[in-house]
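Okay, model28.txt now, which holds compact mmCIF, C-alpha atoms and all ligand atoms:
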```txt
# COMPACT_ATOMS: atom_id res chain seq x y z
CA MET K 16 -104.30 38.77 -22.25
CA ASN K 17 -102.94 35.23 -21.79
CA GLY K 18 -100.29 35.24 -24.47
CA VAL K 19 -97.21 37.39 -24.79
CA ALA K 20 -96.53 39.63 -27.75
CA ARG K 21 -94.16 37.94 -30.20
CA GLY K 22 -90.56 39.07 -29.99
CA ARG K 23 -90.96 40.73 -26.62
CA CYS K 24 -89.02 39.71 -23.56
CA SER K 25 -91.30 38.88 -20.68
CA VAL K 26 -90.89 37.04 -17.42
CA ALA K 27 -94.09 35.15 -18.37
CA GLU K 28 -92.20 33.26 -21.07
CA PRO K 29 -90.18 30.11 -20.34
CA PRO K 30 -86.77 31.44 -19.27
CA GLU K 31 -84.88 28.84 -21.27
CA LEU K 32 -86.35 30.24 -24.48
CA LEU K 33 -85.15 33.72 -23.72
CA ASP K 34 -81.44 33.20 -23.34
CA SER K 35 -80.18 34.93 -26.42
CA PHE K 36 -76.58 34.15 -25.46
CA GLY K 37 -77.21 30.43 -25.88
CA ALA K 38 -76.94 29.22 -22.29
CA THR K 39 -73.94 28.61 -20.03
CA PHE K 40 -70.82 30.52 -21.09
CA ASN K 41 -72.60 31.59 -24.28
CA GLY K 42 -72.95 27.92 -25.17
CA GLN K 43 -69.17 27.39 -25.23
CA CYS K 44 -68.76 23.83 -23.99
CA PHE K 45 -64.97 24.06 -23.84
CA ARG K 46 -65.27 26.86 -21.34
CA GLN K 47 -67.49 24.70 -19.15
CA LEU K 48 -64.75 22.07 -19.19
CA ILE K 49 -62.08 24.63 -18.33
CA TYR K 50 -64.19 25.84 -15.44
CA LEU K 51 -64.77 22.27 -14.20
CA ASP K 52 -61.03 21.56 -14.40
CA LEU K 53 -60.32 24.71 -12.43
CA THR K 54 -62.92 23.89 -9.80
CA LEU K 55 -61.47 20.43 -9.27
CA ALA K 56 -57.93 21.75 -9.14
CA CYS K 57 -58.54 24.79 -6.97
CA ASN K 58 -61.38 23.82 -4.65
CA PHE K 59 -62.83 27.33 -4.62
CA ASP K 60 -64.37 28.76 -1.47
CA ALA K 61 -66.55 31.21 -3.40
CA ILE K 62 -67.63 31.94 -6.95
CA ALA K 63 -68.60 35.42 -8.15
CA GLU K 64 -70.10 36.35 -11.51
CA THR K 65 -70.66 39.87 -12.80
CA GLY K 66 -73.58 40.19 -15.24
CA THR K 67 -76.25 37.60 -14.41
CA PHE K 68 -78.44 38.26 -17.48
CA ARG K 69 -80.90 35.32 -17.56
CA GLY K 70 -78.91 33.32 -15.02
CA SER K 71 -77.76 30.46 -17.24
CA THR K 72 -74.13 30.57 -16.16
CA SER K 73 -75.12 31.33 -12.55
CA LEU K 74 -77.17 28.13 -12.57
CA PHE K 75 -74.27 26.13 -13.99
CA PHE K 76 -71.95 27.56 -11.34
CA ALA K 77 -74.40 26.70 -8.56
CA GLN K 78 -74.74 23.14 -9.82
CA ASN K 79 -70.97 22.72 -10.23
CA SER K 80 -69.40 24.74 -7.44
CA GLY K 81 -67.93 21.92 -5.39
CA GLY K 82 -69.91 23.20 -2.41
CA ALA K 83 -68.85 26.84 -2.76
CA HIS K 84 -71.44 29.59 -2.50
CA VAL K 85 -72.13 31.44 -5.77
CA TYR K 86 -72.75 35.19 -5.97
CA SER K 87 -73.93 37.00 -9.08
CA CYS K 88 -74.89 40.61 -9.80
CA GLU K 89 -77.00 42.31 -12.44
CA SER K 90 -77.58 46.03 -12.93
CA SER K 91 -80.70 45.80 -15.09
CA GLY K 92 -83.88 45.52 -13.03
CA ARG K 93 -85.63 43.55 -15.73
CA ASN K 94 -82.85 40.95 -16.07
CA PHE K 95 -82.42 40.75 -12.30
CA GLU K 96 -86.13 40.07 -11.69
CA PHE K 97 -86.15 37.48 -14.42
CA ALA K 98 -83.10 35.61 -13.07
CA LYS K 99 -84.40 35.86 -9.51
CA ARG K 100 -87.63 34.18 -10.54
CA ARG K 101 -85.89 31.55 -12.64
CA LEU K 102 -83.34 30.63 -9.98
CA ARG K 103 -85.45 30.91 -6.87
CA GLY K 104 -84.92 28.16 -4.32
CA ILE K 105 -81.27 27.49 -5.17
CA GLN K 106 -79.67 27.46 -1.75
CA ASN K 107 -76.04 28.11 -2.67
CA LEU K 108 -76.78 31.06 -4.98
CA SER K 109 -77.21 34.74 -4.05
CA LEU K 110 -78.27 37.28 -6.67
CA SER K 111 -77.80 41.01 -6.20
CA LYS K 112 -79.20 43.88 -8.18
CA LEU K 113 -76.03 45.90 -8.16
CA ASP K 114 -73.47 47.48 -10.43
CA SER K 115 -70.56 45.06 -10.74
CA ARG K 116 -68.05 47.40 -9.11
CA GLU K 117 -70.19 47.92 -6.04
CA PHE K 118 -70.89 44.18 -5.98
CA ILE K 119 -67.17 43.33 -5.83
CA GLN K 120 -66.58 45.88 -3.10
CA ARG K 121 -69.49 44.58 -1.05
CA LEU K 122 -68.91 40.87 -1.69
CA ASP K 123 -69.41 39.07 1.61
CA VAL K 124 -66.42 36.78 1.15
CA PRO K 125 -63.24 36.81 3.25
CA ARG K 126 -60.45 38.43 1.26
CA GLN K 127 -58.23 35.39 1.85
CA ALA K 128 -60.84 32.98 0.43
CA ARG K 129 -60.01 31.12 -2.78
CA THR K 130 -62.37 32.96 -5.11
CA PHE K 131 -63.26 32.38 -8.75
CA PHE K 132 -64.45 35.48 -10.62
CA TYR K 133 -66.26 35.35 -13.95
CA LEU K 134 -66.37 38.85 -15.44
CA ASP K 135 -69.24 39.10 -17.90
CA ALA K 136 -70.93 42.42 -17.10
CA HIS K 137 -69.86 44.06 -20.33
CA TRP K 138 -72.73 45.05 -22.49
CA GLU K 139 -72.84 47.35 -25.44
CA GLU K 140 -70.61 50.27 -24.40
CA SER K 141 -70.60 49.41 -20.69
CA LEU K 142 -67.09 48.09 -20.09
CA PRO K 143 -66.45 47.75 -16.34
CA PRO K 144 -63.70 45.05 -16.45
CA ARG K 145 -60.85 47.54 -15.90
CA GLU K 146 -62.36 48.71 -12.63
CA GLU K 147 -63.54 45.21 -11.72
CA LEU K 148 -60.00 43.87 -12.15
CA ASP K 149 -58.50 46.76 -10.29
CA LEU K 150 -60.79 46.09 -7.30
CA ILE K 151 -60.17 42.34 -7.33
CA ILE K 152 -56.41 42.73 -7.49
CA ARG K 153 -56.41 45.29 -4.69
CA GLU K 154 -58.86 43.55 -2.37
CA PHE K 155 -58.50 39.80 -2.84
CA LYS K 156 -55.50 37.66 -2.01
CA GLN K 157 -56.22 34.37 -3.80
CA PHE K 158 -58.25 34.37 -6.97
CA VAL K 159 -58.73 33.15 -10.50
CA VAL K 160 -60.46 35.53 -12.93
CA MET K 161 -62.05 34.41 -16.18
CA ILE K 162 -63.03 37.21 -18.57
CA ASP K 163 -65.54 36.76 -21.37
CA ASP K 164 -65.02 38.39 -24.77
CA PHE K 165 -61.29 39.04 -24.23
CA GLU K 166 -58.88 39.33 -27.13
CA ILE K 167 -56.50 36.43 -27.65
CA PRO K 168 -53.17 37.82 -28.89
CA ASN K 169 -52.13 36.64 -32.36
CA ASP K 170 -55.54 35.10 -33.04
CA PRO K 171 -57.43 37.62 -35.20
CA GLY K 172 -60.27 35.13 -35.73
CA TYR K 173 -61.18 35.12 -32.05
CA GLY K 174 -63.87 37.74 -31.44
CA PHE K 175 -63.60 40.17 -28.54
CA ASP K 176 -65.27 43.37 -27.32
CA ASP K 177 -63.77 46.28 -29.22
CA TYR K 178 -65.19 49.80 -28.98
CA GLY K 179 -61.97 51.46 -30.11
CA PRO K 180 -58.69 52.34 -28.36
CA GLY K 181 -59.08 52.51 -24.60
CA LYS K 182 -62.34 50.58 -24.82
CA ARG K 183 -61.11 47.12 -25.80
CA LEU K 184 -61.12 43.93 -23.80
CA SER K 185 -57.51 43.39 -24.67
CA LEU K 186 -54.09 43.31 -23.06
CA ARG K 187 -53.40 46.34 -25.26
CA ASP K 188 -55.74 48.35 -23.02
CA LEU K 189 -55.44 46.34 -19.80
CA SER K 190 -51.70 45.84 -19.66
CA PHE K 191 -51.66 46.60 -15.93
CA ILE K 192 -52.68 42.99 -15.31
CA VAL K 193 -49.34 41.77 -16.63
CA THR K 194 -47.29 41.83 -13.44
CA THR K 195 -44.94 39.43 -11.72
CA GLU K 196 -47.66 38.74 -9.15
CA LEU K 197 -50.34 37.82 -11.66
CA HIS K 198 -50.34 34.96 -14.11
CA VAL K 199 -52.21 35.68 -17.34
CA THR K 200 -53.12 32.76 -19.58
CA PHE K 201 -55.15 32.37 -22.78
CA LEU K 202 -56.89 29.07 -23.20
CA ARG K 203 -58.25 29.31 -26.75
CA GLY K 204 -60.77 26.59 -26.24
CA LEU K 205 -58.28 24.03 -24.99
CA ARG K 206 -58.70 22.40 -21.65
CA PHE K 207 -56.26 23.07 -18.90
CA LYS K 208 -53.21 20.89 -19.03
CA ASN K 209 -51.61 19.58 -15.82
CA ARG K 210 -48.86 22.14 -16.22
CA ASP K 211 -51.41 25.00 -16.33
CA ILE K 212 -53.23 23.70 -13.28
CA GLY K 213 -49.94 23.51 -11.44
CA GLU K 214 -49.33 27.12 -12.35
CA VAL K 215 -52.78 28.13 -11.16
CA GLN K 216 -52.27 26.41 -7.84
CA SER K 217 -48.88 27.92 -7.26
CA PHE K 218 -49.71 31.45 -8.41
CA TRP K 219 -53.20 31.74 -7.03
CA ARG K 220 -53.57 35.17 -8.53
CA VAL K 221 -54.49 34.31 -12.05
CA VAL K 222 -56.29 35.98 -14.90
CA ALA K 223 -57.33 33.12 -17.19
C1 LIG K 301 -73.31 39.26 -21.56
S1 LIG K 301 -74.60 39.44 -20.43
C2 LIG K 301 -74.21 38.28 -19.14
C3 LIG K 301 -74.46 36.84 -19.52
C4 LIG K 301 -74.40 35.87 -18.35
N1 LIG K 301 -73.17 36.03 -17.58
C5 LIG K 301 -74.46 34.46 -18.84
O1 LIG K 301 -73.42 33.81 -19.01
O2 LIG K 301 -75.58 34.00 -19.12
C6 LIG K 301 -74.18 40.95 -19.65
C7 LIG K 301 -75.11 41.35 -18.53
O3 LIG K 301 -74.42 42.30 -17.72
C8 LIG K 301 -75.33 43.29 -17.31
N2 LIG K 301 -74.52 44.48 -16.99
C9 LIG K 301 -74.00 45.42 -17.83
N3 LIG K 301 -73.27 46.31 -17.17
C10 LIG K 301 -73.31 45.93 -15.86
C11 LIG K 301 -72.72 46.44 -14.67
N4 LIG K 301 -71.92 47.52 -14.69
N5 LIG K 301 -72.96 45.80 -13.50
C12 LIG K 301 -73.75 44.69 -13.46
N6 LIG K 301 -74.34 44.16 -14.57
C13 LIG K 301 -74.12 44.77 -15.75
C14 LIG K 301 -76.28 43.46 -18.48
O4 LIG K 301 -77.51 44.03 -18.09
C15 LIG K 301 -76.40 42.01 -18.98
O5 LIG K 301 -77.50 41.38 -18.40
```
I need this file expressed as structure tokens, please.
Ligand SMILES: C[S@@+](CC[C@H](N)C(=O)[O-])C[C@H]1O[C@@H](n2cnc3c(N)ncnc32)[C@H](O)[C@@H]1O
Amino acid sequence: MNGVARGRCSVAEPPELLDSFGATFNGQCFRQLIYLDLTLACNFDAIAETGTFRGSTSLFFAQNSGGAHVYSCESSGRNFEFAKRRLRGIQNLSLSKLDSREFIQRLDVPRQARTFFYLDAHWEESLPPREELDLIIREFKQFVVMIDDFEIPNDPGYGFDDYGPGKRLSLRDLSFIVTTELHVTFLRGLRFKNRDIGEVQSFWRVVA
């Protein structure tokens, strides 16, 4: 059969048509700008994404990394194979078929390297960010972490992943990241201001 059944996901279809999240950063242009600001300000040595899915954000990272190598992981075999095929030949991108927690532990990046993490491996009731953050904070010395689908305090209109108490992407459940050593900032769709970039550069252990 030459065609593909309607409504089915298949690696035979054009990858661009199958990105149900609407491309890079779920189609959120402001977040692309925030990332570009951060890259310029911080000159990252490495970029790590959890949750490759179709590889749209991985591709954007690879094309806008400032020379840094990009690593991304995906636990679903189907999504991994799809992204691998779509992104083959990109020299500064490595894809791994791994659970995000194992991926962070095995990341072949010096622990002193300036590393940007994009945590996006949450999916239905799979919520690994607590353990991902715990590993990053314990293992890495200089990092910026961006978390997708996180609650913005005092902004009830901003959607976030909420599967009930203890299973929310929220400071209410992840309060351990509020420490004197970590700087937590909520960007609400605004670009980084000079003051914020200054804070990022001086803290270098940031959850954005
Ligand atoms: C929201 S999508 C990622 C979207 C992608 N980052 C992008 O911007 O295009 C979440 C992906 O994470 C994967 N995933 C879920 N749990 C995971 C885990 N524990 N480790 C690695 N990948 C996981 C899912 O299979 C899914 O493909």
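When atom CA of K:Thr130 is paired with atom CA of K:Ala83, their separation reads 9.2 Å.
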Next on the checklist: To check your reading of the model: which residues sit at most 9 Å from ligand LIG 301 (chain K) when counting all atoms listed in the file? Write the answer as an NGL selection string.
Outcome noted: :K and (34-42 or 64-74 or 87-95 or 112-118 or 133-144 or 163-164)
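Nearest to K:Ser80 of all the residues K:Ala61, K:Ile192, K:Val159, K:Leu197 is K:Ala61, counting all atoms listed in the file.
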Check your understanding: Hey, what's within 7 Å of K:His84 if we count all atoms listed in the file and toss same-chain stuff fewer than 2 positions away? As an MDAnalysis selection string, please?
Key -> chainID K and resid 61:62 82 86 107:108
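The space separating atom CA of K:Leu55 from atom CA of K:Gly174 comes to 28.2 Å.
If you measure from each of K:Phe191, K:Phe75, K:Tyr173, K:Phe201 to K:Arg145 using only C-alpha atoms, the closest one turns out to be K:Phe191.
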Between K:Ala98, K:Cys57, K:Pro168, K:Glu146, smallest distance to K:Gln120 by only C-alpha atoms belongs to K:Glu146
Repaired coordinates for stretch 165-186 of chain K (N, CA and C atoms) as a PDB file, in the frame of the given file:
```
ATOM      1  N   PHE K 165     -62.614  38.428 -24.306  1.00  0.00           N
ATOM      2  CA  PHE K 165     -61.290  39.040 -24.230  1.00  0.00           C
ATOM      3  C   PHE K 165     -60.473  38.666 -25.465  1.00  0.00           C
ATOM      4  N   GLU K 166     -59.685  39.594 -25.939  1.00  0.00           N
ATOM      5  CA  GLU K 166     -58.880  39.330 -27.130  1.00  0.00           C
ATOM      6  C   GLU K 166     -57.775  38.306 -26.836  1.00  0.00           C
ATOM      7  N   ILE K 167     -57.618  37.368 -27.756  1.00  0.00           N
ATOM      8  CA  ILE K 167     -56.500  36.430 -27.650  1.00  0.00           C
ATOM      9  C   ILE K 167     -55.402  36.933 -28.587  1.00  0.00           C
ATOM     10  N   PRO K 168     -54.235  37.274 -28.037  1.00  0.00           N
ATOM     11  CA  PRO K 168     -53.170  37.820 -28.890  1.00  0.00           C
ATOM     12  C   PRO K 168     -52.833  36.860 -30.026  1.00  0.00           C
ATOM     13  N   ASN K 169     -52.533  37.409 -31.180  1.00  0.00           N
ATOM     14  CA  ASN K 169     -52.130  36.640 -32.360  1.00  0.00           C
ATOM     15  C   ASN K 169     -53.208  35.671 -32.840  1.00  0.00           C
ATOM     16  N   ASP K 170     -54.445  35.939 -32.524  1.00  0.00           N
ATOM     17  CA  ASP K 170     -55.540  35.100 -33.040  1.00  0.00           C
ATOM     18  C   ASP K 170     -56.653  36.025 -33.518  1.00  0.00           C
ATOM     19  N   PRO K 171     -56.469  36.621 -34.722  1.00  0.00           N
ATOM     20  CA  PRO K 171     -57.430  37.620 -35.200  1.00  0.00           C
ATOM     21  C   PRO K 171     -58.829  37.053 -35.409  1.00  0.00           C
ATOM     22  N   GLY K 172     -58.956  35.734 -35.520  1.00  0.00           N
ATOM     23  CA  GLY K 172     -60.270  35.130 -35.730  1.00  0.00           C
ATOM     24  C   GLY K 172     -61.092  35.025 -34.467  1.00  0.00           C
ATOM     25  N   TYR K 173     -60.466  35.264 -33.320  1.00  0.00           N
ATOM     26  CA  TYR K 173     -61.180  35.120 -32.050  1.00  0.00           C
ATOM     27  C   TYR K 173     -61.831  36.454 -31.700  1.00  0.00           C
ATOM     28  N   GLY K 174     -63.146  36.480 -31.670  1.00  0.00           N
ATOM     29  CA  GLY K 174     -63.870  37.740 -31.440  1.00  0.00           C
ATOM     30  C   GLY K 174     -63.683  38.255 -30.020  1.00  0.00           C
ATOM     31  N   PHE K 175     -63.693  39.568 -29.873  1.00  0.00           N
ATOM     32  CA  PHE K 175     -63.600  40.170 -28.540  1.00  0.00           C
ATOM     33  C   PHE K 175     -64.308  41.519 -28.570  1.00  0.00           C
ATOM     34  N   ASP K 176     -64.565  42.083 -27.395  1.00  0.00           N
ATOM     35  CA  ASP K 176     -65.270  43.370 -27.320  1.00  0.00           C
ATOM     36  C   ASP K 176     -64.314  44.497 -27.681  1.00  0.00           C
ATOM     37  N   ASP K 177     -64.663  45.230 -28.714  1.00  0.00           N
ATOM     38  CA  ASP K 177     -63.770  46.280 -29.220  1.00  0.00           C
ATOM     39  C   ASP K 177     -64.600  47.512 -29.565  1.00  0.00           C
ATOM     40  N   TYR K 178     -64.498  48.534 -28.705  1.00  0.00           N
ATOM     41  CA  TYR K 178     -65.190  49.800 -28.980  1.00  0.00           C
ATOM     42  C   TYR K 178     -64.180  50.906 -29.251  1.00  0.00           C
ATOM     43  N   GLY K 179     -63.003  50.494 -29.777  1.00  0.00           N
ATOM     44  CA  GLY K 179     -61.970  51.460 -30.110  1.00  0.00           C
ATOM     45  C   GLY K 179     -60.934  51.571 -29.004  1.00  0.00           C
ATOM     46  N   PRO K 180     -59.798  52.241 -29.315  1.00  0.00           N
ATOM     47  CA  PRO K 180     -58.690  52.340 -28.360  1.00  0.00           C
ATOM     48  C   PRO K 180     -59.144  52.844 -26.993  1.00  0.00           C
ATOM     49  N   GLY K 181     -58.685  52.163 -25.965  1.00  0.00           N
ATOM     50  CA  GLY K 181     -59.080  52.510 -24.600  1.00  0.00           C
ATOM     51  C   GLY K 181     -60.356  51.823 -24.176  1.00  0.00           C
ATOM     52  N   LYS K 182     -61.070  51.251 -25.130  1.00  0.00           N
ATOM     53  CA  LYS K 182     -62.340  50.580 -24.820  1.00  0.00           C
ATOM     54  C   LYS K 182     -62.344  49.181 -25.440  1.00  0.00           C
ATOM     55  N   ARG K 183     -61.212  48.479 -25.257  1.00  0.00           N
ATOM     56  CA  ARG K 183     -61.110  47.120 -25.800  1.00  0.00           C
ATOM     57  C   ARG K 183     -60.856  46.146 -24.664  1.00  0.00           C
ATOM     58  N   LEU K 184     -61.470  44.986 -24.756  1.00  0.00           N
ATOM     59  CA  LEU K 184     -61.120  43.930 -23.800  1.00  0.00           C
ATOM     60  C   LEU K 184     -59.899  43.234 -24.369  1.00  0.00           C
ATOM     61  N   SER K 185     -58.754  43.802 -24.033  1.00  0.00           N
ATOM     62  CA  SER K 185     -57.510  43.390 -24.670  1.00  0.00           C
ATOM     63  C   SER K 185     -56.347  43.747 -23.747  1.00  0.00           C
ATOM     64  N   LEU K 186     -55.294  42.952 -23.828  1.00  0.00           N
ATOM     65  CA  LEU K 186     -54.090  43.310 -23.060  1.00  0.00           C
ATOM     66  C   LEU K 186     -53.544  44.652 -23.523  1.00  0.00           C
TER      67      LEU K 186
END
```
